[in-house]
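Participant: File coords11.cif follows (mmCIF, C-alpha atoms):
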```
data_data
loop_
_atom_site.label_atom_id
_atom_site.label_comp_id
_atom_site.auth_asym_id
_atom_site.auth_seq_id
_atom_site.Cartn_x
_atom_site.Cartn_y
_atom_site.Cartn_z
CA MET K 1 0.00 0.00 0.00
CA ASN K 2 1.13 3.54 -0.71
CA THR K 3 1.75 5.96 2.14
CA PRO K 4 -0.79 8.87 2.07
CA GLY K 5 0.53 11.56 -0.25
CA GLN K 6 2.96 9.10 -1.83
CA SER K 7 2.78 7.16 -5.12
CA ARG K 8 4.84 4.35 -6.55
CA SER K 9 7.01 4.67 -9.64
CA LEU K 10 8.00 1.52 -11.53
CA CYS K 11 10.87 1.56 -14.01
CA ARG K 12 9.93 -0.60 -17.00
CA ASP K 13 13.58 -1.14 -17.89
CA CYS K 14 15.21 -2.22 -14.62
CA LEU K 15 11.94 -2.89 -12.71
CA THR K 16 12.98 -0.72 -9.75
CA ASP K 17 9.82 0.17 -7.83
CA THR K 18 10.17 3.25 -5.61
CA GLU K 19 7.83 5.29 -3.45
CA THR K 20 7.90 8.99 -4.19
CA ALA K 21 6.12 12.13 -3.10
CA ARG K 22 6.27 13.65 -6.57
CA GLN K 23 6.36 12.10 -10.00
CA PRO K 24 9.99 11.65 -11.13
CA THR K 25 11.07 12.03 -14.75
CA ARG K 26 13.75 9.32 -14.64
CA CYS K 27 14.46 6.12 -12.75
CA PRO K 28 16.76 6.81 -9.76
CA ALA K 29 18.47 3.45 -10.34
CA CYS K 30 19.16 3.33 -14.09
CA GLY K 31 18.16 6.76 -15.41
CA SER K 32 15.47 5.41 -17.76
CA PRO K 33 12.55 7.74 -18.55
CA ARG K 34 10.18 4.76 -19.00
CA LEU K 35 8.42 5.07 -15.66
CA LEU K 36 4.99 3.74 -14.74
CA THR K 37 3.31 6.03 -12.24
CA HIS K 38 -0.44 6.26 -11.68
CA PRO K 39 -2.58 6.73 -8.54
CA GLU K 40 -4.62 3.59 -9.38
CA ARG K 41 -1.68 1.58 -10.66
CA ASP K 42 -1.91 -1.22 -8.10
CA ALA K 43 -5.72 -1.33 -7.92
CA LEU K 44 -6.42 -2.41 -11.52
CA HIS K 45 -6.25 -5.94 -12.93
CA ILE K 46 -7.86 -6.09 -16.41
CA ALA K 47 -5.25 -5.84 -19.16
CA HIS K 48 -5.03 -5.91 -22.92
CA VAL K 49 -1.72 -7.09 -24.40
CA ASP K 50 -0.96 -6.43 -28.06
CA CYS K 51 2.25 -7.36 -29.89
CA ASP K 52 3.75 -4.43 -31.82
CA ALA K 53 3.61 -4.87 -35.63
CA PHE K 54 3.75 -8.60 -34.92
CA TYR K 55 4.59 -10.17 -38.29
CA ALA K 56 7.01 -7.37 -39.21
CA ALA K 57 8.69 -7.49 -35.79
CA ILE K 58 9.37 -11.21 -36.17
CA GLU K 59 10.89 -10.71 -39.62
CA LYS K 60 13.13 -7.90 -38.32
CA ARG K 61 14.18 -10.08 -35.40
CA ASP K 62 15.17 -12.88 -37.80
CA SER K 63 16.91 -10.54 -40.29
CA PRO K 64 18.75 -7.82 -38.31
CA GLU K 65 19.80 -6.09 -41.54
CA LEU K 66 16.14 -5.02 -41.89
CA ALA K 67 16.11 -3.28 -38.51
CA ILE K 68 15.90 0.31 -39.77
CA LYS K 69 14.26 -0.41 -43.13
CA PRO K 70 10.56 -0.03 -43.94
CA ILE K 71 9.07 -3.49 -44.38
CA ILE K 72 5.63 -4.63 -45.45
CA ILE K 73 4.23 -8.10 -44.86
CA GLY K 74 1.77 -8.94 -47.62
CA GLY K 75 0.99 -10.47 -50.97
CA GLY K 76 1.66 -9.40 -54.53
CA LYS K 77 0.76 -6.14 -56.20
CA ARG K 78 -2.95 -6.96 -56.08
CA GLY K 79 -2.88 -8.26 -52.53
CA VAL K 80 -3.22 -6.29 -49.32
CA VAL K 81 -0.91 -5.30 -46.47
CA SER K 82 -1.03 -7.76 -43.56
CA THR K 83 1.29 -5.71 -41.34
CA ALA K 84 3.63 -2.78 -41.83
CA CYS K 85 6.51 -2.00 -39.50
CA TYR K 86 6.51 1.37 -37.72
CA VAL K 87 9.04 2.79 -40.19
CA ALA K 88 6.69 2.01 -43.09
CA ARG K 89 3.76 3.46 -41.16
CA THR K 90 5.45 6.86 -41.12
CA TYR K 91 4.90 6.86 -44.91
CA GLY K 92 1.18 6.24 -44.40
CA VAL K 93 1.20 2.48 -44.99
CA ARG K 94 -1.53 0.70 -43.01
CA SER K 95 -2.88 -2.83 -42.55
CA ALA K 96 -5.48 -3.93 -45.13
CA MET K 97 -4.26 -1.28 -47.60
CA PRO K 98 -3.92 -2.52 -51.22
CA MET K 99 -0.30 -3.37 -51.95
CA PHE K 100 -0.10 -1.12 -55.01
CA LYS K 101 -1.13 1.87 -52.88
CA ALA K 102 1.30 0.92 -50.09
CA LEU K 103 4.20 0.67 -52.54
CA LYS K 104 3.26 3.99 -54.09
CA LEU K 105 3.49 5.59 -50.64
CA CYS K 106 6.68 3.74 -49.72
CA PRO K 107 8.45 2.53 -52.90
CA ASP K 108 11.62 1.54 -51.03
CA ALA K 109 9.80 -0.87 -48.70
CA VAL K 110 11.01 -4.44 -48.43
CA VAL K 111 8.01 -6.70 -49.12
CA ILE K 112 7.93 -10.09 -47.39
CA LYS K 113 5.34 -12.81 -47.91
CA PRO K 114 3.72 -13.95 -44.64
CA ASP K 115 5.17 -17.07 -43.00
CA MET K 116 2.13 -18.10 -40.95
CA ALA K 117 3.72 -21.25 -39.54
CA LYS K 118 6.50 -19.15 -38.00
CA TYR K 119 4.09 -16.51 -36.68
CA VAL K 120 1.88 -19.18 -35.11
CA ARG K 121 4.90 -20.68 -33.29
CA VAL K 122 5.86 -17.29 -31.85
CA GLY K 123 2.25 -16.50 -30.97
CA ARG K 124 1.96 -19.74 -29.02
CA GLN K 125 5.22 -19.02 -27.20
CA ILE K 126 3.90 -15.64 -26.05
CA ARG K 127 0.50 -17.13 -25.18
CA GLN K 128 2.22 -19.60 -22.85
CA MET K 129 4.04 -16.71 -21.15
CA MET K 130 0.63 -15.11 -20.54
CA LEU K 131 -0.68 -18.36 -19.07
CA ASP K 132 2.32 -18.38 -16.73
CA LEU K 133 0.81 -15.21 -15.22
CA THR K 134 -2.86 -16.25 -15.02
CA PRO K 135 -5.22 -18.87 -16.44
CA MET K 136 -7.61 -16.02 -17.27
CA VAL K 137 -6.31 -15.32 -20.79
CA GLU K 138 -8.79 -14.53 -23.57
CA PRO K 139 -7.11 -14.64 -26.99
CA LEU K 140 -8.42 -12.19 -29.57
CA SER K 141 -6.01 -13.17 -32.34
CA ILE K 142 -2.57 -14.67 -32.82
CA ASP K 143 -0.92 -11.56 -31.32
CA GLU K 144 -3.28 -10.06 -28.75
CA ALA K 145 -5.31 -11.08 -25.71
CA PHE K 146 -7.16 -9.85 -22.64
CA LEU K 147 -5.86 -10.93 -19.22
CA ASP K 148 -7.54 -10.81 -15.82
CA LEU K 149 -4.82 -10.76 -13.15
CA GLY K 150 -7.20 -10.38 -10.22
CA GLY K 151 -6.14 -12.60 -7.32
CA THR K 152 -2.61 -13.26 -8.64
CA GLU K 153 -0.80 -10.92 -6.25
CA ARG K 154 -0.06 -13.59 -3.65
CA LEU K 155 1.22 -16.01 -6.28
CA HIS K 156 3.58 -13.52 -7.93
CA HIS K 157 4.25 -11.32 -4.87
CA ALA K 158 3.47 -8.20 -6.90
CA SER K 159 0.57 -6.16 -8.22
CA PRO K 160 -0.81 -6.82 -11.73
CA ALA K 161 0.98 -3.73 -13.07
CA VAL K 162 4.36 -4.99 -11.87
CA ILE K 163 3.62 -8.51 -13.12
CA LEU K 164 2.80 -7.12 -16.58
CA ALA K 165 5.95 -5.00 -16.68
CA ARG K 166 7.99 -8.12 -15.91
CA PHE K 167 6.11 -9.98 -18.65
CA ALA K 168 6.90 -7.28 -21.24
CA ARG K 169 10.60 -7.49 -20.38
CA ARG K 170 10.52 -11.28 -20.60
CA VAL K 171 8.96 -11.16 -24.08
CA GLU K 172 11.68 -8.78 -25.24
CA SER K 173 14.53 -10.86 -23.83
CA GLU K 174 13.26 -14.35 -24.71
CA VAL K 175 11.23 -13.76 -27.89
CA GLY K 176 12.96 -10.69 -29.29
CA ILE K 177 9.89 -8.57 -30.07
CA THR K 178 7.95 -5.96 -28.09
CA VAL K 179 4.42 -5.68 -26.73
CA SER K 180 2.17 -2.82 -25.68
CA ILE K 181 -0.02 -3.10 -22.59
CA GLY K 182 -3.20 -1.36 -21.49
CA LEU K 183 -4.40 -1.67 -17.88
CA SER K 184 -7.81 -0.42 -16.79
CA THR K 185 -11.15 -1.14 -15.15
CA ASN K 186 -12.60 -3.36 -17.90
CA LYS K 187 -11.90 -4.84 -21.32
CA PHE K 188 -13.17 -1.85 -23.31
CA MET K 189 -10.96 0.62 -21.50
CA ALA K 190 -7.95 -1.72 -21.40
CA LYS K 191 -8.12 -2.13 -25.20
CA ILE K 192 -8.19 1.65 -25.63
CA ALA K 193 -5.28 2.06 -23.21
CA SER K 194 -3.05 -0.39 -25.09
CA ASP K 195 -3.25 1.83 -28.20
CA LEU K 196 -2.17 5.01 -26.38
CA ASP K 197 1.57 4.43 -26.09
CA LYS K 198 2.60 2.19 -28.99
CA PRO K 199 5.08 0.71 -29.64
CA ARG K 200 6.62 -0.80 -26.48
CA GLY K 201 4.05 1.02 -24.41
CA PHE K 202 2.25 0.65 -21.10
CA ALA K 203 -0.72 2.93 -20.45
CA ILE K 204 -3.17 3.03 -17.54
CA ILE K 205 -6.68 4.48 -17.50
CA GLY K 206 -8.03 4.55 -13.96
CA LYS K 207 -11.65 4.43 -12.86
CA GLN K 208 -11.59 8.06 -11.75
CA GLU K 209 -10.53 9.36 -15.16
CA VAL K 210 -12.74 7.32 -17.49
CA ASP K 211 -15.45 9.98 -17.92
CA GLY K 212 -13.05 12.80 -18.68
CA PHE K 213 -10.84 10.68 -20.89
CA LEU K 214 -13.68 9.49 -23.14
CA ALA K 215 -15.79 12.64 -23.37
CA ASP K 216 -14.23 14.30 -26.42
CA LYS K 217 -13.18 11.13 -28.24
CA PRO K 218 -14.95 10.30 -31.54
CA VAL K 219 -17.70 7.69 -31.35
CA SER K 220 -15.60 5.53 -33.68
CA ILE K 221 -13.38 4.69 -30.68
CA ILE K 222 -16.08 2.16 -29.68
CA PHE K 223 -15.48 -1.28 -31.18
CA GLY K 224 -18.10 -2.31 -33.70
CA VAL K 225 -18.89 1.25 -34.80
CA GLY K 226 -18.18 1.14 -38.50
CA ALA K 227 -18.77 3.51 -41.39
CA VAL K 228 -22.51 2.79 -41.69
CA THR K 229 -23.19 3.36 -37.99
CA MET K 230 -21.02 6.49 -37.97
CA GLU K 231 -22.97 7.91 -40.90
CA LYS K 232 -26.28 7.36 -39.09
CA LEU K 233 -24.96 8.97 -35.91
CA GLU K 234 -23.43 11.94 -37.69
CA ARG K 235 -26.72 12.66 -39.46
CA ALA K 236 -28.28 12.79 -35.99
CA GLY K 237 -25.55 15.17 -34.76
CA VAL K 238 -23.74 12.53 -32.70
CA ARG K 239 -19.99 12.73 -33.33
CA THR K 240 -18.28 12.46 -29.94
CA ILE K 241 -18.73 10.31 -26.86
CA ARG K 242 -20.13 13.38 -25.10
CA ASP K 243 -22.79 13.67 -27.82
CA LEU K 244 -23.59 9.97 -27.47
CA ARG K 245 -24.05 10.29 -23.72
CA ALA K 246 -26.44 13.21 -24.17
CA ALA K 247 -28.50 11.63 -26.94
CA SER K 248 -32.06 10.51 -26.23
CA PRO K 249 -32.20 6.73 -25.67
CA ASN K 250 -35.42 6.58 -27.72
CA LYS K 251 -33.79 8.45 -30.59
CA LEU K 252 -30.78 6.10 -30.53
CA MET K 253 -33.05 3.07 -30.41
CA THR K 254 -34.84 4.30 -33.53
CA LEU K 255 -31.50 4.81 -35.28
CA LEU K 256 -29.59 1.74 -34.14
CA GLY K 257 -32.01 -0.75 -32.66
CA LYS K 258 -30.66 -3.01 -29.90
CA GLU K 259 -27.12 -1.66 -30.41
CA ALA K 260 -28.17 1.66 -28.85
CA GLY K 261 -28.02 0.44 -25.26
CA ARG K 262 -24.58 -1.13 -25.71
CA LEU K 263 -23.14 2.04 -27.22
CA GLN K 264 -24.47 4.28 -24.47
CA ARG K 265 -23.11 1.99 -21.75
CA LEU K 266 -19.69 1.99 -23.38
CA ALA K 267 -19.88 5.77 -23.76
CA HIS K 268 -19.84 5.87 -19.95
CA GLY K 269 -16.99 3.36 -19.82
CA ILE K 270 -19.29 0.57 -18.62
CA ASP K 271 -18.31 -2.88 -19.87
CA ASP K 272 -19.47 -5.89 -17.85
CA ARG K 273 -17.90 -8.55 -20.10
CA ALA K 274 -15.69 -10.93 -18.16
CA VAL K 275 -12.34 -12.13 -19.48
CA SER K 276 -13.26 -15.53 -20.92
CA PRO K 277 -10.43 -18.06 -21.34
CA ASN K 278 -12.79 -20.32 -23.28
CA ARG K 279 -13.65 -17.73 -25.92
CA GLU K 280 -14.05 -19.49 -29.24
CA ALA K 281 -13.11 -18.18 -32.64
CA LYS K 282 -16.09 -17.76 -34.97
CA VAL K 283 -14.27 -18.34 -38.25
CA VAL K 284 -10.83 -19.70 -39.16
CA SER K 285 -9.73 -19.11 -42.75
CA ALA K 286 -6.93 -18.35 -45.20
CA GLU K 287 -7.14 -16.56 -48.54
CA THR K 288 -4.99 -14.90 -51.18
CA THR K 289 -5.40 -12.40 -54.03
CA PHE K 290 -3.59 -13.22 -57.28
CA ASN K 291 -1.21 -10.92 -59.16
CA GLU K 292 -3.08 -11.86 -62.34
CA ASP K 293 -6.52 -13.40 -62.84
CA ILE K 294 -6.48 -17.23 -62.96
CA SER K 295 -8.97 -19.68 -64.46
CA ALA K 296 -7.16 -23.01 -64.99
CA PRO K 297 -7.56 -25.76 -62.35
CA ALA K 298 -3.89 -26.66 -62.83
CA ASP K 299 -2.96 -23.18 -61.59
CA LEU K 300 -5.62 -22.89 -58.88
CA LEU K 301 -5.08 -26.24 -57.14
CA PRO K 302 -1.46 -25.65 -55.99
CA ILE K 303 -2.59 -22.33 -54.48
CA LEU K 304 -5.54 -24.04 -52.79
CA TRP K 305 -3.16 -26.63 -51.30
CA ARG K 306 -0.95 -23.94 -49.75
CA LEU K 307 -4.04 -22.24 -48.28
CA CYS K 308 -5.21 -25.55 -46.82
CA GLU K 309 -1.81 -25.94 -45.13
CA LYS K 310 -2.24 -22.45 -43.63
CA LEU K 311 -5.78 -23.22 -42.52
CA SER K 312 -4.60 -26.49 -40.96
CA ALA K 313 -1.80 -24.67 -39.08
CA ARG K 314 -4.24 -22.09 -37.73
CA LEU K 315 -6.70 -24.74 -36.57
CA LYS K 316 -3.92 -26.63 -34.80
CA ALA K 317 -2.58 -23.47 -33.16
CA ALA K 318 -6.06 -22.63 -31.87
CA GLU K 319 -6.67 -26.25 -30.80
CA LEU K 320 -9.75 -26.38 -33.02
CA ALA K 321 -11.02 -28.59 -35.82
CA ALA K 322 -13.28 -28.05 -38.83
CA GLY K 323 -16.70 -29.66 -39.20
CA SER K 324 -17.26 -28.09 -42.60
CA VAL K 325 -15.25 -26.45 -45.38
CA THR K 326 -16.17 -23.22 -47.20
CA LEU K 327 -14.55 -22.26 -50.49
CA LYS K 328 -14.49 -18.56 -51.37
CA LEU K 329 -13.86 -17.29 -54.90
CA LYS K 330 -13.91 -13.73 -56.21
CA THR K 331 -14.24 -13.27 -59.95
CA ALA K 332 -12.36 -10.73 -62.07
CA ASP K 333 -15.43 -8.48 -61.94
CA PHE K 334 -15.51 -8.71 -58.11
CA LYS K 335 -18.49 -11.05 -57.83
CA LEU K 336 -18.25 -13.41 -54.85
CA ARG K 337 -18.91 -17.15 -54.99
CA SER K 338 -19.12 -19.22 -51.79
CA ARG K 339 -19.52 -23.01 -51.63
CA SER K 340 -19.68 -25.12 -48.44
CA ARG K 341 -19.75 -28.79 -47.48
CA GLY K 342 -19.77 -30.68 -44.20
CA VAL K 343 -16.81 -32.95 -43.41
CA PRO K 344 -15.87 -35.46 -40.70
CA THR K 345 -14.23 -33.29 -38.05
CA THR K 346 -10.63 -32.66 -39.11
CA GLN K 347 -7.49 -30.57 -38.74
CA LEU K 348 -5.63 -32.20 -41.63
CA ALA K 349 -4.50 -30.15 -44.61
CA SER K 350 -4.92 -33.17 -46.90
CA ARG K 351 -8.57 -33.64 -45.97
CA LEU K 352 -9.37 -29.93 -46.11
CA PHE K 353 -7.81 -29.90 -49.58
CA GLU K 354 -9.79 -32.88 -50.89
CA THR K 355 -13.05 -31.18 -49.96
CA GLY K 356 -11.86 -27.82 -51.21
CA LYS K 357 -10.87 -29.39 -54.53
CA ASP K 358 -14.30 -31.00 -54.90
CA LEU K 359 -15.89 -27.60 -54.36
CA LEU K 360 -13.48 -25.80 -56.69
CA LEU K 361 -13.48 -27.97 -59.82
CA PRO K 362 -17.17 -27.43 -60.75
CA GLU K 363 -16.51 -23.66 -60.64
CA CYS K 364 -13.66 -23.93 -63.15
CA ASP K 365 -15.76 -23.21 -66.23
CA GLY K 366 -13.41 -20.68 -67.79
CA THR K 367 -14.27 -17.94 -65.29
CA GLN K 368 -11.31 -15.75 -64.36
CA PHE K 369 -10.72 -15.48 -60.60
CA ARG K 370 -8.79 -12.83 -58.70
CA LEU K 371 -9.07 -14.37 -55.20
CA ILE K 372 -9.43 -17.76 -53.58
CA GLY K 373 -9.98 -18.62 -49.92
CA ILE K 374 -10.71 -21.65 -47.75
CA GLY K 375 -12.15 -21.64 -44.24
CA THR K 376 -14.63 -22.94 -41.72
CA ALA K 377 -17.16 -21.53 -39.28
CA ASP K 378 -18.17 -24.97 -37.94
CA LEU K 379 -15.55 -25.31 -35.22
CA HIS K 380 -15.01 -28.19 -32.79
CA PRO K 381 -12.47 -29.02 -30.04
CA ALA K 382 -9.25 -30.50 -31.42
CA VAL K 383 -9.78 -33.73 -29.46
CA GLU K 384 -12.70 -34.56 -31.79
CA ALA K 385 -10.56 -34.37 -34.93
CA ASP K 386 -9.60 -37.26 -37.20
CA GLN K 387 -10.76 -40.09 -34.96
CA GLY K 388 -12.06 -42.23 -37.82
CA ASP K 389 -14.66 -45.00 -37.72
CA LEU K 390 -15.57 -48.18 -39.60
CA ALA K 391 -16.16 -46.13 -42.74
CA ASP K 392 -12.94 -44.15 -42.36
CA GLN K 393 -10.14 -46.35 -41.11
CA THR K 394 -7.25 -44.23 -42.37
CA ALA K 395 -7.97 -41.04 -40.34
CA LYS K 396 -5.64 -41.82 -37.45
CA ARG K 397 -2.87 -42.94 -39.79
CA ASP K 398 -3.23 -39.73 -41.84
CA ALA K 399 -3.12 -37.68 -38.65
CA ARG K 400 0.10 -39.39 -37.51
CA MET K 401 1.73 -38.76 -40.88
CA GLU K 402 0.79 -35.09 -40.88
CA ARG K 403 2.02 -34.65 -37.29
CA ALA K 404 5.36 -36.10 -38.37
CA VAL K 405 5.56 -33.54 -41.20
CA ASP K 406 4.64 -30.75 -38.76
CA ASP K 407 7.45 -31.87 -36.44
CA LEU K 408 9.98 -31.84 -39.29
CA ARG K 409 8.91 -28.34 -40.33
CA ALA K 410 9.06 -27.09 -36.76
CA LYS K 411 12.62 -28.38 -36.48
CA PHE K 412 14.02 -27.61 -39.93
CA GLY K 413 11.76 -24.88 -41.33
CA ALA K 414 8.63 -24.61 -43.48
CA GLY K 415 10.49 -25.80 -46.61
CA ALA K 416 11.70 -29.06 -45.07
CA VAL K 417 8.76 -31.01 -46.50
CA VAL K 418 6.85 -29.73 -49.55
CA LYS K 419 4.02 -31.59 -51.32
CA GLY K 420 4.60 -32.23 -55.04
CA ILE K 421 1.50 -30.31 -56.09
CA VAL K 422 3.22 -27.05 -55.09
CA PHE K 423 5.77 -27.49 -57.89
CA GLY K 424 3.70 -28.68 -60.79
CA ASN K 425 0.42 -29.42 -62.41
CA GLY K 426 -2.61 -29.37 -60.10
CA ARG K 427 -3.72 -32.77 -61.44
CA LYS K 428 -1.02 -34.36 -59.25
CA ALA K 429 -3.12 -33.80 -56.15
#
```
Show me the file's structure as C-alpha cells.

Facilitator:
Amino acid sequence: MNTPGQSRSLCRDCLTDTETARQPTRCPACGSPRLLTHPERDALHIAHVDCDAFYAAIEKRDSPELAIKPIIIGGGKRGVVSTACYVARTYGVRSAMPMFKALKLCPDAVVIKPDMAKYVRVGRQIRQMMLDLTPMVEPLSIDEAFLDLGGTERLHHASPAVILARFARRVESEVGITVSIGLSTNKFMAKIASDLDKPRGFAIIGKQEVDGFLADKPVSIIFGVGAVTMEKLERAGVRTIRDLRAASPNKLMTLLGKEAGRLQRLAHGIDDRAVSPNREAKVVSAETTFNEDISAPADLLPILWRLCEKLSARLKAAELAAGSVTLKLKTADFKLRSRSRGVPTTQLASRLFETGKDLLLPECDGTQFRLIGIGTADLHPAVEADQGDLADQTAKRDARMERAVDDLRAKFGAGAVVKGIVFGNGRKA
C-alpha cells in the first residue's frame, strides 16, 4: 500500500519500484525515462496485451539487416498489407491497404510474404508466457489477448501492473519482439489504453478518469462502430462520446435498434464482459489475391493446397477442428462465390484440400478469378478431430503422418517437406 501523499514509480527497464512524493522524470536506479506512475496503478487488474507490428517485428528479429528499413508483410501487387513496421507506417502504410497503394506511398519498402507457420509458433510461445501469469487469458487473435490478473498478487508477490511490466521485459529478452499493454477497469478501457503508447508502451486508465478521458473522443473509438453506424450517428448530430451520452435513448433506439443500449453503456466506460479463457473463434480461414486473374484448375489447385496448409496450421494453433469447409472465390469483376460442405471433423490439410478441390473444380468453367480462400465456421475441439470409424479407417494414420511432417517443419523450417502439387500441375493432387 502507498503511504498517504505518496505514489509508486516503476521503471519498466530495470523494474525498480520506488515510493515517491512527486512524479519523477527518470528512474533513480538506471536513469530510464520509462516510468509507470499512476494513482490507481496497483488497484487495476484487467489488461489488454498487443504485440507491436507482430509479423514485421518477427521478420526484423530474424533478419537484423532489416532493422531500420521499412518493411511490409503482404501479398503481390494486387494483394493487401497484412502488417507494416513502424518505419513504413510513417509513410502512411496501413494494414489492409492494397499493396499497389502501399508501394506507391513507400516505394523503397522491403516486401515479405507472410510465414504463418513461424508466426503461429511465436504466438503460441507468447501465449504460454501469458498463461504463466494467469489462467484467465482470452485470446483475440494470434498476437493479442485480454488478461484478468485479479487474485494473482499472492502467487507472484506483486501487483498486476508490476507482473505485466515483468512480462513485457521477458517477451523482449526471450522472444525478441515488443508488446504494448493497457491496464484499466474493464476490457473496453484496457483495449483503448493499449493503443495510447505504442510501440513498447504501457498505459493506464483509472476508474476516476474514465469519464473525462472518453468525453471528447470520436464515437468511432467504440469497437463495432463502422462507417454505416457512424454515418447514421453523424446525421443525428452525434460525433463524440459526449454527444452519445447526451442523446435521447429513444432516438438512438430508432437509429440503431438493440445496439443503442450497448453504445451508451460503453460511452460511460461501462463494460461488464468478463475475461473468458474459453472464448471461441467464430471463423478460421486463409485466402490470397492473385497478381493476375487465374482460371485453370492446374494453376488454382497448388494455391488451394498452400491455403489448406495455412488453414490447418491455424486450426492446430487454436486447438480447433473443422466440421465443414467453405470455399471462397472472387471473380475478375468482383463477384463473390461461396460453396460449403460438411466434413468429418478434421485438422488435416490433406482432408481440407480434398473437400476444397471438390468444391473448386465445378466452378472452373473458364471464369477468371482474382481471389481464392478456404475456411470454416463450424468449429469443434481439437480432441474430436480425425478419430475415424468403420467407414474411415485411415484417419488416425493420416493424422500421424501429418504430425510427423509438422514436427519436421518445426525443427528444420517450413520448406523441409513440400508436397509435389506445389511445384507442378494441379492434377497431381

Participant: Taking 3 positions as the minimum chain separation for residues in the same chain, which residues sit within 12 Å of Glu172 (chain K) when counting all atoms listed in the file? Answer as a PyMOL selection string.

Facilitator: chain K and resi 12-13+51-52+57-58+61+126+129+165-169+175-180+200

Participant: Would you mind exporting the chosen residues as a PDB file, keeping the file's coordinate frame, restricted to C-alpha atoms?

Facilitator:
```pdb
ATOM      1  CA  ARG K  12       9.930  -0.600 -17.000  1.00  0.00           C
ATOM      2  CA  ASP K  13      13.580  -1.140 -17.890  1.00  0.00           C
ATOM      3  CA  CYS K  51       2.250  -7.360 -29.890  1.00  0.00           C
ATOM      4  CA  ASP K  52       3.750  -4.430 -31.820  1.00  0.00           C
ATOM      5  CA  ALA K  57       8.690  -7.490 -35.790  1.00  0.00           C
ATOM      6  CA  ILE K  58       9.370 -11.210 -36.170  1.00  0.00           C
ATOM      7  CA  ARG K  61      14.180 -10.080 -35.400  1.00  0.00           C
ATOM      8  CA  ILE K 126       3.900 -15.640 -26.050  1.00  0.00           C
ATOM      9  CA  MET K 129       4.040 -16.710 -21.150  1.00  0.00           C
ATOM     10  CA  ALA K 165       5.950  -5.000 -16.680  1.00  0.00           C
ATOM     11  CA  ARG K 166       7.990  -8.120 -15.910  1.00  0.00           C
ATOM     12  CA  PHE K 167       6.110  -9.980 -18.650  1.00  0.00           C
ATOM     13  CA  ALA K 168       6.900  -7.280 -21.240  1.00  0.00           C
ATOM     14  CA  ARG K 169      10.600  -7.490 -20.380  1.00  0.00           C
ATOM     15  CA  VAL K 175      11.230 -13.760 -27.890  1.00  0.00           C
ATOM     16  CA  GLY K 176      12.960 -10.690 -29.290  1.00  0.00           C
ATOM     17  CA  ILE K 177       9.890  -8.570 -30.070  1.00  0.00           C
ATOM     18  CA  THR K 178       7.950  -5.960 -28.090  1.00  0.00           C
ATOM     19  CA  VAL K 179       4.420  -5.680 -26.730  1.00  0.00           C
ATOM     20  CA  SER K 180       2.170  -2.820 -25.680  1.00  0.00           C
ATOM     21  CA  ARG K 200       6.620  -0.800 -26.480  1.00  0.00           C
TER      22      ARG K 200
END
```

Participant: Measuring between all atoms listed in the file, which one of K:Ser295, K:Ser276, K:Ser184, K:Thr326 shows the shortest distance to Ala203 (chain K)?

Facilitator: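 Smallest distance to Ala203 (chain K) is found for K:Ser184.
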
Participant: Apply the PyMOL selection byres ((chain K and resi 214-226) around 9) to the structure shown and report the selected residues as JSON, numbers by chain.

Facilitator: {"K": [188, 192, 209, 210, 211, 212, 213, 227, 228, 229, 230, 231, 233, 238, 239, 240, 241, 242, 243, 244, 245, 263, 266, 267, 268, 269]}

Participant: Between K:Lys69, K:Arg26, K:Lys258, K:Arg273, which one has atoms that come closest to Asn186 (chain K), using all atoms listed in the file?

Facilitator: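 Of K:Lys69, K:Arg26, K:Lys258, K:Arg273, the one nearest Asn186 (chain K) is K:Arg273, counting all atoms listed in the file.
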
Participant: Name the residues that the PyMOL selection byres ((chain K and resi 98-115) around 10) pulls out of this structure, and write them as a VMD selection string.

Facilitator: chain K and resid 55 to 56 58 to 59 66 69 to 85 87 to 97 116 to 120 310 414

Participant: Given the file shown, enumerate the residues that the PyMOL selection byres ((chain K and resi 261) around 12) captures and present them as a PyMOL selection string.

Facilitator: chain K and resi 244-245+247-260+262-268+270-271

Participant: Within 7 Å of region 147-153 of chain K, counting all atoms listed in the file, which residues qualify if same-chain residues fewer than 4 places away don't, as an mmCIF file with C-alpha atoms, keeping the file's coordinate frame?

Facilitator:
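What landed in result02.cif:
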```cif
data_model
loop_
_atom_site.group_PDB
_atom_site.id
_atom_site.type_symbol
_atom_site.label_atom_id
_atom_site.label_comp_id
_atom_site.auth_asym_id
_atom_site.auth_seq_id
_atom_site.Cartn_x
_atom_site.Cartn_y
_atom_site.Cartn_z
ATOM 1 C CA HIS K 45 -6.250 -5.940 -12.930
ATOM 2 C CA ILE K 46 -7.860 -6.090 -16.410
ATOM 3 C CA ALA K 47 -5.250 -5.840 -19.160
ATOM 4 C CA HIS K 48 -5.030 -5.910 -22.920
ATOM 5 C CA THR K 134 -2.860 -16.250 -15.020
ATOM 6 C CA MET K 136 -7.610 -16.020 -17.270
ATOM 7 C CA VAL K 137 -6.310 -15.320 -20.790
ATOM 8 C CA GLU K 138 -8.790 -14.530 -23.570
ATOM 9 C CA HIS K 157 4.250 -11.320 -4.870
ATOM 10 C CA ALA K 158 3.470 -8.200 -6.900
ATOM 11 C CA SER K 159 0.570 -6.160 -8.220
ATOM 12 C CA PRO K 160 -0.810 -6.820 -11.730
ATOM 13 C CA VAL K 275 -12.340 -12.130 -19.480
#
```

Participant: Fix up region 103-107 of chain K with N, CA and C atoms, then write it as a short mmCIF file (atom, residue, chain, number, x, y, z; two decimals), in the frame of the given file.

Facilitator:
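Final output, saved to out_23.cif:
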```
data_model
loop_
_atom_site.label_atom_id
_atom_site.label_comp_id
_atom_site.auth_asym_id
_atom_site.auth_seq_id
_atom_site.Cartn_x
_atom_site.Cartn_y
_atom_site.Cartn_z
N LEU K 103 2.91 0.51 -51.86
CA LEU K 103 4.20 0.67 -52.54
C LEU K 103 4.34 2.03 -53.22
N LYS K 104 3.22 2.63 -53.56
CA LYS K 104 3.26 3.99 -54.09
C LYS K 104 3.67 4.97 -52.99
N LEU K 105 3.14 4.74 -51.78
CA LEU K 105 3.49 5.59 -50.64
C LEU K 105 4.93 5.36 -50.18
N CYS K 106 5.36 4.09 -50.25
CA CYS K 106 6.68 3.74 -49.72
C CYS K 106 7.38 2.81 -50.72
N PRO K 107 7.89 3.36 -51.83
CA PRO K 107 8.45 2.53 -52.90
C PRO K 107 9.71 1.77 -52.50
#
```
